[in-house]
Amino acid sequence: KKTIRDVEVQGKTVFCRVDFNVPMSGEEVTDDTRIKAALPTIQHLTGNGAKVILASHLGRPKGEVVEELRLDPVANRLSDLLGQTVTKTDQVHGSEVDKAISEMENGDVLLIENVRFHPGEEKNDADLAKAFADMADMYVNDAFGAAHRAHASTAGVAEHLPAVAGFLMEKEINVLSKALKDPERPFTAIIGGAKVKDKIGVIDNLIDKVDHLIIGGGLAYTFVKAQGHEIGKSLLEEDKIDLAKEYMKKAEDKGVNFHMPEDVIVADDFSDSANTQEVAIDSIPADWEALDIGPKTREKYAQIIKDSKLVIWNGPMGVFELETFANGTKAVANALSETEGYTVIGGGDSAAAVEKFGYAEDMDHVSTGGGASLEFMEGKELPGVALLNDK
Ligand code: 3PG
């Protein structure tokens, strides 16, 4: 794909989609990782004399104005990070936006209002896409985190303008494609999280590519059940037991090392103050629920990670939001920080976990996309990427 490096931006007005869908508490941006991740693109554009119109969604306002989801706090934080004024409009498009654009000088930055306040955004409405395109000479997509959405500002607008990738988009795509197409070996994927149903696509796609597949989190217990063990009150997706068996068989046939928890932490309640026990995987008591992997499993998984040349992580090993059940996820994050292999953290919960436990800096790549990185790892072409111009 073409990137901002391949185009002349001097004097051009650029409509740049970013993913500033950041965690907020009231008027406060509580995590500005995604804003910081877009700075290289914004600064390249301003530094080379473009007028930069930024667009993002925040939350899911469903086509209506929701006061708490206005982008003003984001504009303020961006302004601090850039060290320059960021003009913010209360409109997504219209006369206020047109006026603000007409007053821009080369190097200026404007942020339009949360694009999801407009009902046309998520419908990829043709008129809205055209209205975005009419604001600018060129489209830059740096919103990897929203690239799995075919919306007016992520897809439709690209049909009307020269469309190129920003640096963050480029980096996300390069890292993830290299991992999937030409991985260093041993290549290990760690798949966790609550539900098998959310990870079917990624297991399907990775099972042919990896040397080791490590399973953890709530979804592991459907596999444990499929192995013939009792799982007490642990999470179970009855209708996925056969699929779990199929995956284990497929892994065996293909010579992929399929790793399952050997011991777990069980609790009598879903809370930090629950009574807990460490038990072997074939000894989960009937009234108890497994909420984390146990110490033997932690050690085994850590060793595999340390012996790998490439590791992709998607999904926590246990209920890491609760201190009592965070050790499995912590152990994986710690092993990733120590391995000499290349480490890729799929966004969402795994990114939140490495951040929470202080390991984010030690990772080679922490994706800014949750759903987007998952869909990429499923082998799908993302709509926000598909429409960008080829080199
Ligand atoms: C994300 O946070 O994963 C992206 O910003 C996409 O948000 P969405 O799931 O509301 O489309």
# chains A, B, ... in the order shown; residues from 1 in each chain; ligands from 1

$ residues_around --residues "Asp211 (chain A)" --least-positions-apart "5" --cutoff "9 Å" --atoms "only C-alpha atoms" --output "number ranges by chain"
A: 185-189, 255-258

$ residues_around --residues "Leu45 (chain A)" --least-positions-apart "3" --cutoff "9 Å" --atoms "only C-alpha atoms" --output "PDB file with all heavy atoms, in the first residue's frame"
ATOM      1  N   ILE A   4       2.096   7.813   3.456  1.00  0.00           N
ATOM      2  CA  ILE A   4       2.331   9.258   3.374  1.00  0.00           C
ATOM      3  C   ILE A   4       3.745   9.597   2.900  1.00  0.00           C
ATOM      4  O   ILE A   4       3.997  10.713   2.483  1.00  0.00           O
ATOM      5  CB  ILE A   4       2.055   9.974   4.731  1.00  0.00           C
ATOM      6  CG1 ILE A   4       2.660   9.201   5.897  1.00  0.00           C
ATOM      7  CG2 ILE A   4       0.567  10.164   4.927  1.00  0.00           C
ATOM      8  CD1 ILE A   4       2.484   9.911   7.226  1.00  0.00           C
ATOM      9  N   VAL A   9       2.694  16.371   0.259  1.00  0.00           N
ATOM     10  CA  VAL A   9       1.581  16.921   1.040  1.00  0.00           C
ATOM     11  C   VAL A   9       1.656  18.436   1.238  1.00  0.00           C
ATOM     12  O   VAL A   9       0.722  19.049   1.742  1.00  0.00           O
ATOM     13  CB  VAL A   9       1.466  16.230   2.434  1.00  0.00           C
ATOM     14  CG1 VAL A   9       1.226  14.740   2.262  1.00  0.00           C
ATOM     15  CG2 VAL A   9       2.676  16.502   3.308  1.00  0.00           C
ATOM     16  N   GLN A  10       2.754  19.009   0.816  1.00  0.00           N
ATOM     17  CA  GLN A  10       2.941  20.464   0.979  1.00  0.00           C
ATOM     18  C   GLN A  10       1.737  21.250   0.423  1.00  0.00           C
ATOM     19  O   GLN A  10       1.362  21.073  -0.730  1.00  0.00           O
ATOM     20  CB  GLN A  10       4.234  20.876   0.246  1.00  0.00           C
ATOM     21  CG  GLN A  10       4.452  22.357   0.081  1.00  0.00           C
ATOM     22  CD  GLN A  10       4.715  23.074   1.413  1.00  0.00           C
ATOM     23  OE1 GLN A  10       5.394  22.536   2.289  1.00  0.00           O
ATOM     24  NE2 GLN A  10       4.137  24.266   1.579  1.00  0.00           N
ATOM     25  N   VAL A  14      -5.450  17.613   4.119  1.00  0.00           N
ATOM     26  CA  VAL A  14      -5.488  16.161   4.269  1.00  0.00           C
ATOM     27  C   VAL A  14      -6.580  15.780   5.270  1.00  0.00           C
ATOM     28  O   VAL A  14      -6.629  16.333   6.376  1.00  0.00           O
ATOM     29  CB  VAL A  14      -4.118  15.655   4.776  1.00  0.00           C
ATOM     30  CG1 VAL A  14      -4.159  14.157   5.048  1.00  0.00           C
ATOM     31  CG2 VAL A  14      -3.019  15.986   3.769  1.00  0.00           C
ATOM     32  N   PRO A  40       3.406  10.457  15.057  1.00  0.00           N
ATOM     33  CA  PRO A  40       4.356  10.503  13.934  1.00  0.00           C
ATOM     34  C   PRO A  40       3.682  10.884  12.610  1.00  0.00           C
ATOM     35  O   PRO A  40       4.242  11.675  11.840  1.00  0.00           O
ATOM     36  CB  PRO A  40       4.914   9.071  13.876  1.00  0.00           C
ATOM     37  CG  PRO A  40       4.782   8.561  15.286  1.00  0.00           C
ATOM     38  CD  PRO A  40       3.521   9.188  15.815  1.00  0.00           C
ATOM     39  N   THR A  41       2.506  10.370  12.379  1.00  0.00           N
ATOM     40  CA  THR A  41       1.789  10.711  11.143  1.00  0.00           C
ATOM     41  C   THR A  41       1.377  12.181  11.137  1.00  0.00           C
ATOM     42  O   THR A  41       1.590  12.900  10.154  1.00  0.00           O
ATOM     43  CB  THR A  41       0.556   9.795  10.994  1.00  0.00           C
ATOM     44  OG1 THR A  41       1.021   8.467  10.762  1.00  0.00           O
ATOM     45  CG2 THR A  41      -0.329  10.235   9.833  1.00  0.00           C
ATOM     46  N   ILE A  42       0.796  12.621  12.234  1.00  0.00           N
ATOM     47  CA  ILE A  42       0.333  14.015  12.300  1.00  0.00           C
ATOM     48  C   ILE A  42       1.518  14.972  12.134  1.00  0.00           C
ATOM     49  O   ILE A  42       1.466  15.938  11.368  1.00  0.00           O
ATOM     50  CB  ILE A  42      -0.409  14.271  13.628  1.00  0.00           C
ATOM     51  CG1 ILE A  42      -1.639  13.350  13.740  1.00  0.00           C
ATOM     52  CG2 ILE A  42      -0.838  15.747  13.730  1.00  0.00           C
ATOM     53  CD1 ILE A  42      -2.289  13.337  15.122  1.00  0.00           C
ATOM     54  N   ASN A  48       5.486  18.823   7.011  1.00  0.00           N
ATOM     55  CA  ASN A  48       5.674  18.966   5.567  1.00  0.00           C
ATOM     56  C   ASN A  48       4.663  19.910   4.939  1.00  0.00           C
ATOM     57  O   ASN A  48       4.444  19.896   3.737  1.00  0.00           O
ATOM     58  CB  ASN A  48       5.632  17.596   4.886  1.00  0.00           C
ATOM     59  CG  ASN A  48       6.911  16.817   5.153  1.00  0.00           C
ATOM     60  OD1 ASN A  48       7.959  17.110   4.588  1.00  0.00           O
ATOM     61  ND2 ASN A  48       6.835  15.872   6.060  1.00  0.00           N
ATOM     62  N   GLY A  49       4.042  20.727   5.790  1.00  0.00           N
ATOM     63  CA  GLY A  49       3.227  21.815   5.263  1.00  0.00           C
ATOM     64  C   GLY A  49       1.819  21.472   4.845  1.00  0.00           C
ATOM     65  O   GLY A  49       1.216  22.172   4.025  1.00  0.00           O
ATOM     66  N   ALA A  50       1.267  20.383   5.411  1.00  0.00           N
ATOM     67  CA  ALA A  50      -0.142  20.081   5.096  1.00  0.00           C
ATOM     68  C   ALA A  50      -1.063  20.760   6.099  1.00  0.00           C
ATOM     69  O   ALA A  50      -0.653  21.107   7.206  1.00  0.00           O
ATOM     70  CB  ALA A  50      -0.359  18.570   5.126  1.00  0.00           C
ATOM     71  N   LYS A  51      -2.317  20.940   5.701  1.00  0.00           N
ATOM     72  CA  LYS A  51      -3.381  21.320   6.633  1.00  0.00           C
ATOM     73  C   LYS A  51      -4.041  20.011   7.035  1.00  0.00           C
ATOM     74  O   LYS A  51      -4.507  19.266   6.174  1.00  0.00           O
ATOM     75  CB  LYS A  51      -4.393  22.235   5.952  1.00  0.00           C
ATOM     76  CG  LYS A  51      -3.793  23.548   5.495  1.00  0.00           C
ATOM     77  CD  LYS A  51      -4.776  24.330   4.641  1.00  0.00           C
ATOM     78  CE  LYS A  51      -4.072  25.586   4.124  1.00  0.00           C
ATOM     79  NZ  LYS A  51      -4.750  26.162   2.968  1.00  0.00           N
ATOM     80  N   VAL A  52      -4.078  19.735   8.320  1.00  0.00           N
ATOM     81  CA  VAL A  52      -4.483  18.405   8.752  1.00  0.00           C
ATOM     82  C   VAL A  52      -5.854  18.424   9.434  1.00  0.00           C
ATOM     83  O   VAL A  52      -6.024  19.005  10.511  1.00  0.00           O
ATOM     84  CB  VAL A  52      -3.442  17.805   9.727  1.00  0.00           C
ATOM     85  CG1 VAL A  52      -3.809  16.367  10.071  1.00  0.00           C
ATOM     86  CG2 VAL A  52      -2.047  17.869   9.118  1.00  0.00           C
ATOM     87  N   GLY A 107       0.285  23.486   8.113  1.00  0.00           N
ATOM     88  CA  GLY A 107       0.829  23.076   9.407  1.00  0.00           C
ATOM     89  C   GLY A 107      -0.201  23.093  10.527  1.00  0.00           C
ATOM     90  O   GLY A 107       0.091  22.654  11.639  1.00  0.00           O
TER      91      GLY A 107
END

$ residues_near_ligand --ligand "ligand 1" --cutoff "10 Å" --atoms "only C-alpha atoms and all ligand atoms" --output "PyMOL selection string"
chain A and resi 18-23+34+56-62+116+122+143-151+347-348+368-374

$ write_last_selection --atoms "N, CA and C atoms" --output "short mmCIF file (atom, residue, chain, number, x, y, z; two decimals), in the first residue's frame"
data_model
loop_
_atom_site.label_atom_id
_atom_site.label_comp_id
_atom_site.auth_asym_id
_atom_site.auth_seq_id
_atom_site.Cartn_x
_atom_site.Cartn_y
_atom_site.Cartn_z
N VAL A 18 -8.00 8.94 12.33
CA VAL A 18 -7.20 8.37 13.41
C VAL A 18 -8.14 7.61 14.34
N ASP A 19 -7.58 6.74 15.18
CA ASP A 19 -8.41 6.07 16.18
C ASP A 19 -8.11 6.68 17.54
N PHE A 20 -8.90 7.70 17.88
CA PHE A 20 -8.80 8.34 19.19
C PHE A 20 -9.92 7.83 20.10
N ASN A 21 -10.31 6.59 19.88
CA ASN A 21 -11.30 5.96 20.76
C ASN A 21 -10.56 5.52 22.02
N VAL A 22 -10.38 6.47 22.93
CA VAL A 22 -9.52 6.26 24.11
C VAL A 22 -10.36 6.12 25.37
N PRO A 23 -9.82 5.41 26.37
CA PRO A 23 -10.55 5.31 27.64
C PRO A 23 -10.67 6.69 28.30
N ARG A 34 -3.24 5.65 22.25
CA ARG A 34 -3.65 5.75 20.84
C ARG A 34 -3.38 7.14 20.27
N SER A 56 -12.16 11.15 14.13
CA SER A 56 -12.16 9.91 14.93
C SER A 56 -13.55 9.65 15.48
N HIS A 57 -13.76 8.40 15.88
CA HIS A 57 -14.95 8.12 16.68
C HIS A 57 -14.51 8.01 18.14
N LEU A 58 -15.48 8.11 19.04
CA LEU A 58 -15.24 7.85 20.46
C LEU A 58 -16.48 7.16 20.98
N GLY A 59 -16.30 5.94 21.46
CA GLY A 59 -17.43 5.19 22.00
C GLY A 59 -18.43 4.80 20.93
N ARG A 60 -19.65 4.51 21.37
CA ARG A 60 -20.67 4.06 20.43
C ARG A 60 -21.95 4.86 20.59
N PRO A 61 -21.93 6.15 20.18
CA PRO A 61 -23.09 7.02 20.38
C PRO A 61 -24.27 6.73 19.43
N LYS A 62 -24.07 5.83 18.49
CA LYS A 62 -25.16 5.37 17.61
C LYS A 62 -25.87 6.48 16.85
N ARG A 116 -19.13 9.45 14.90
CA ARG A 116 -20.30 8.59 15.16
C ARG A 116 -21.50 9.35 15.72
N GLU A 122 -21.61 5.06 10.54
CA GLU A 122 -21.55 3.59 10.62
C GLU A 122 -22.27 2.91 9.45
N ALA A 143 -5.94 4.97 11.25
CA ALA A 143 -6.78 4.38 12.29
C ALA A 143 -6.80 2.86 12.16
N PHE A 144 -5.66 2.23 12.48
CA PHE A 144 -5.65 0.77 12.39
C PHE A 144 -6.74 0.16 13.27
N GLY A 145 -6.92 0.73 14.46
CA GLY A 145 -7.89 0.18 15.41
C GLY A 145 -9.32 0.16 14.91
N ALA A 146 -9.61 0.98 13.90
CA ALA A 146 -10.97 1.03 13.34
C ALA A 146 -11.02 0.49 11.91
N ALA A 147 -9.92 -0.12 11.48
CA ALA A 147 -9.81 -0.55 10.08
C ALA A 147 -10.71 -1.73 9.74
N HIS A 148 -11.23 -2.40 10.75
CA HIS A 148 -12.13 -3.53 10.48
C HIS A 148 -13.57 -3.04 10.30
N ARG A 149 -13.79 -1.73 10.40
CA ARG A 149 -15.12 -1.16 10.21
C ARG A 149 -15.21 -0.53 8.83
N ALA A 150 -16.24 -0.86 8.08
CA ALA A 150 -16.44 -0.23 6.77
C ALA A 150 -17.38 0.95 6.96
N HIS A 151 -16.86 2.04 7.50
CA HIS A 151 -17.67 3.22 7.80
C HIS A 151 -17.29 4.36 6.86
N GLY A 347 -4.22 -6.33 20.42
CA GLY A 347 -4.73 -5.26 21.28
C GLY A 347 -5.74 -5.75 22.30
N GLY A 348 -6.60 -4.84 22.71
CA GLY A 348 -7.66 -5.20 23.64
C GLY A 348 -7.11 -5.61 25.00
N THR A 368 -2.45 -1.33 18.49
CA THR A 368 -3.46 -0.38 18.97
C THR A 368 -4.86 -0.85 18.60
N GLY A 369 -4.94 -1.98 17.93
CA GLY A 369 -6.25 -2.49 17.52
C GLY A 369 -6.67 -3.68 18.35
N GLY A 370 -7.90 -3.69 18.80
CA GLY A 370 -8.46 -4.85 19.48
C GLY A 370 -9.13 -5.74 18.44
N GLY A 371 -10.36 -5.37 18.09
CA GLY A 371 -11.08 -6.11 17.05
C GLY A 371 -10.31 -6.16 15.74
N ALA A 372 -9.63 -5.05 15.41
CA ALA A 372 -8.91 -4.99 14.13
C ALA A 372 -7.75 -5.99 14.09
N SER A 373 -6.99 -6.07 15.19
CA SER A 373 -5.85 -7.01 15.15
C SER A 373 -6.35 -8.44 15.17
N LEU A 374 -7.45 -8.66 15.87
CA LEU A 374 -8.04 -10.01 15.88
C LEU A 374 -8.47 -10.41 14.46
#

$ residues_around --residues "Ala351 (chain A)" --least-positions-apart "2" --cutoff "12 Å" --atoms "only C-alpha atoms" --output "number ranges by chain"
A: 31, 33-34, 312-316, 329, 333, 343-349, 353-361, 363, 365-370, 373

$ write_last_selection --atoms "C-alpha atoms" --output "CSV table (one decimal), in the first residue's frame"
chain,number,residue,atom,x,y,z
A,31,ASP,CA,-5.0,6.4,28.5
A,33,THR,CA,-1.6,5.5,24.0
A,34,ARG,CA,-3.6,5.8,20.8
A,312,ILE,CA,1.8,-13.5,19.3
A,313,TRP,CA,-0.5,-13.0,22.3
A,314,ASN,CA,-4.2,-12.6,22.2
A,315,GLY,CA,-6.3,-12.9,25.3
A,316,PRO,CA,-5.5,-13.2,29.1
A,329,THR,CA,-1.6,-13.4,32.9
A,333,ALA,CA,3.5,-10.9,30.3
A,343,THR,CA,6.8,-10.2,20.7
A,344,VAL,CA,3.5,-9.1,19.3
A,345,ILE,CA,0.6,-8.2,21.6
A,346,GLY,CA,-2.8,-8.3,20.0
A,347,GLY,CA,-4.7,-5.3,21.3
A,348,GLY,CA,-7.7,-5.2,23.6
A,349,ASP,CA,-7.3,-7.2,26.9
A,353,ALA,CA,-2.6,-6.5,30.7
A,354,VAL,CA,0.9,-5.7,29.6
A,355,GLU,CA,0.2,-2.0,30.3
A,356,LYS,CA,-1.3,-2.8,33.7
A,357,PHE,CA,1.7,-5.0,34.8
A,358,GLY,CA,4.2,-2.5,33.5
A,359,TYR,CA,5.6,-4.5,30.6
A,360,ALA,CA,4.4,-2.5,27.6
A,361,GLU,CA,7.8,-0.9,27.0
A,363,MET,CA,7.3,-5.6,23.9
A,365,HIS,CA,4.8,-4.4,19.1
A,366,VAL,CA,1.7,-3.7,21.1
A,367,SER,CA,-1.1,-3.4,18.6
A,368,THR,CA,-3.5,-0.4,19.0
A,369,GLY,CA,-6.3,-2.5,17.5
A,370,GLY,CA,-8.5,-4.9,19.5
A,373,SER,CA,-5.8,-7.0,15.1

$ closest_atom_pairs --of "region 174-290 of chain A" --to "region 163-170 of chain A" --cutoff "12 Å" --atoms "only C-alpha atoms" --output "CSV"
residue,atom,partner,partner_atom,distance
A:Asn174,CA,A:Glu170,CA,6.0
A:Val175,CA,A:Glu170,CA,8.6
A:Leu176,CA,A:Glu170,CA,10.1
A:Ser177,CA,A:Glu170,CA,10.5
A:Lys178,CA,A:Glu170,CA,11.9

$ closest_residue --among "A:His118, A:Lys296, A:Arg17, A:Lys88" --to "Val65 (chain A)" --atoms "only C-alpha atoms"
A:His118

$ residues_around --residues "Val92 (chain A)" --least-positions-apart "2" --cutoff "8 Å" --atoms "only C-alpha atoms" --output "VMD selection string"
chain A and resid 89 to 90 94 97 112 to 115 117 to 118

$ write_last_selection --atoms "C-alpha atoms" --output "compact mmCIF listing (two decimals), in the first residue's frame"
# COMPACT_ATOMS: atom_id res chain seq x y z
CA THR A 89 -15.37 21.84 15.89
CA ASP A 90 -18.69 20.82 17.43
CA GLY A 94 -21.23 21.65 7.85
CA VAL A 97 -16.31 22.96 9.78
CA ILE A 112 -13.83 17.49 13.79
CA GLU A 113 -16.46 16.19 16.23
CA ASN A 114 -16.94 12.48 16.99
CA VAL A 115 -17.88 11.08 13.58
CA PHE A 117 -22.57 11.47 16.20
CA HIS A 118 -23.60 11.40 12.54

$ atom_distance --atom1 "CA of Asp362 (chain A)" --atom2 "CA of Val332 (chain A)"
12.8 Å

$ residues_around --residues "Ile281 (chain A)" --least-positions-apart "3" --cutoff "7 Å" --atoms "only C-alpha atoms" --output "PyMOL selection string"
chain A and resi 261-264+284

$ select_by_dssp --residues "region 38-214 of chain A" --states "helix (DSSP H, G or I)" --output "PyMOL selection string"
chain A and resi 38-47+67-69+72-82+95-102+115-117+119-122+126-134+144-146+156-159+167-181+196-206

$ residues_around --residues "Ala152 (chain A)" --least-positions-apart "6" --cutoff "9 Å" --atoms "only C-alpha atoms" --output "compact mmCIF listing (two decimals) with all heavy atoms, in the first residue's frame"
# COMPACT_ATOMS: atom_id res chain seq x y z
N VAL A 115 -17.17 11.38 14.84
CA VAL A 115 -17.88 11.08 13.58
C VAL A 115 -19.11 10.19 13.80
O VAL A 115 -20.04 10.19 13.00
CB VAL A 115 -16.95 10.43 12.53
CG1 VAL A 115 -15.97 11.47 11.98
CG2 VAL A 115 -16.21 9.23 13.10
N GLY A 120 -24.82 8.74 9.50
CA GLY A 120 -24.28 8.19 8.27
C GLY A 120 -22.94 7.49 8.43
O GLY A 120 -22.53 6.72 7.56
N GLU A 121 -22.24 7.75 9.53
CA GLU A 121 -20.88 7.21 9.70
C GLU A 121 -20.88 5.67 9.65
O GLU A 121 -20.22 5.07 8.81
CB GLU A 121 -20.26 7.72 11.01
CG GLU A 121 -19.00 7.01 11.46
CD GLU A 121 -17.80 7.15 10.52
OE1 GLU A 121 -17.88 7.89 9.53
OE2 GLU A 121 -16.78 6.46 10.77
N GLU A 122 -21.61 5.06 10.54
CA GLU A 122 -21.55 3.59 10.62
C GLU A 122 -22.27 2.91 9.45
O GLU A 122 -22.04 1.73 9.19
CB GLU A 122 -22.09 3.11 11.96
CG GLU A 122 -21.16 3.47 13.10
CD GLU A 122 -21.64 2.98 14.44
OE1 GLU A 122 -21.50 1.78 14.70
OE2 GLU A 122 -22.16 3.80 15.22
N LYS A 123 -23.15 3.67 8.79
CA LYS A 123 -23.84 3.11 7.62
C LYS A 123 -22.99 3.26 6.37
O LYS A 123 -23.41 2.87 5.28
CB LYS A 123 -25.17 3.85 7.40
CG LYS A 123 -26.17 3.60 8.50
CD LYS A 123 -27.55 4.19 8.12
CE LYS A 123 -28.49 4.18 9.30
NZ LYS A 123 -28.83 5.56 9.77
N ASN A 124 -21.83 3.88 6.51
CA ASN A 124 -20.99 4.18 5.36
C ASN A 124 -21.81 4.92 4.29
O ASN A 124 -21.76 4.60 3.11
CB ASN A 124 -20.37 2.90 4.78
CG ASN A 124 -19.20 3.20 3.84
OD1 ASN A 124 -18.76 4.35 3.72
ND2 ASN A 124 -18.71 2.17 3.16
N ASP A 125 -22.56 5.89 4.77
CA ASP A 125 -23.45 6.67 3.91
C ASP A 125 -22.66 7.43 2.84
O ASP A 125 -21.65 8.08 3.14
CB ASP A 125 -24.21 7.66 4.82
CG ASP A 125 -25.09 8.60 4.03
OD1 ASP A 125 -26.10 8.12 3.51
OD2 ASP A 125 -24.75 9.80 3.93
N ALA A 126 -23.13 7.33 1.60
CA ALA A 126 -22.39 7.91 0.47
C ALA A 126 -22.28 9.44 0.57
O ALA A 126 -21.24 10.01 0.23
CB ALA A 126 -23.06 7.52 -0.84
N ASP A 127 -23.35 10.09 1.05
CA ASP A 127 -23.31 11.55 1.14
C ASP A 127 -22.30 12.03 2.19
O ASP A 127 -21.59 13.01 1.99
CB ASP A 127 -24.70 12.11 1.49
CG ASP A 127 -25.68 11.92 0.33
OD1 ASP A 127 -25.20 11.79 -0.82
OD2 ASP A 127 -26.90 11.87 0.59
N LEU A 128 -22.27 11.31 3.30
CA LEU A 128 -21.31 11.70 4.34
C LEU A 128 -19.88 11.46 3.86
O LEU A 128 -18.99 12.30 4.05
CB LEU A 128 -21.58 10.93 5.65
CG LEU A 128 -20.65 11.31 6.81
CD1 LEU A 128 -20.81 12.79 7.19
CD2 LEU A 128 -20.89 10.42 8.04
N ALA A 129 -19.66 10.33 3.20
CA ALA A 129 -18.32 10.02 2.68
C ALA A 129 -17.89 11.13 1.71
O ALA A 129 -16.75 11.60 1.73
CB ALA A 129 -18.33 8.67 1.97
N LYS A 130 -18.84 11.58 0.89
CA LYS A 130 -18.56 12.65 -0.08
C LYS A 130 -18.27 13.97 0.66
O LYS A 130 -17.36 14.72 0.28
CB LYS A 130 -19.78 12.80 -1.00
CG LYS A 130 -19.60 13.74 -2.16
CD LYS A 130 -18.69 13.12 -3.21
CE LYS A 130 -18.54 13.97 -4.46
NZ LYS A 130 -18.22 15.37 -4.25
N PHE A 132 -16.98 14.33 3.59
CA PHE A 132 -15.60 14.24 4.12
C PHE A 132 -14.59 14.49 3.00
O PHE A 132 -13.64 15.25 3.17
CB PHE A 132 -15.34 12.85 4.74
CG PHE A 132 -16.06 12.57 6.03
CD1 PHE A 132 -16.46 11.28 6.36
CD2 PHE A 132 -16.32 13.59 6.95
CE1 PHE A 132 -17.10 11.01 7.57
CE2 PHE A 132 -16.96 13.33 8.16
CZ PHE A 132 -17.36 12.03 8.47
N ALA A 158 -12.48 7.04 1.14
CA ALA A 158 -11.30 6.65 0.36
C ALA A 158 -11.62 6.44 -1.11
O ALA A 158 -10.73 6.40 -1.95
CB ALA A 158 -10.68 5.38 0.95

$ residues_around --residues "Phe15 (chain A)" --least-positions-apart "3" --cutoff "8 Å" --atoms "only C-alpha atoms" --output "list in words"
Val52, Ile53, Leu54, Ala55, Phe132, Ala133, Met135, Ala136, Asp137, Met138, Tyr139 and Val140 of chain A
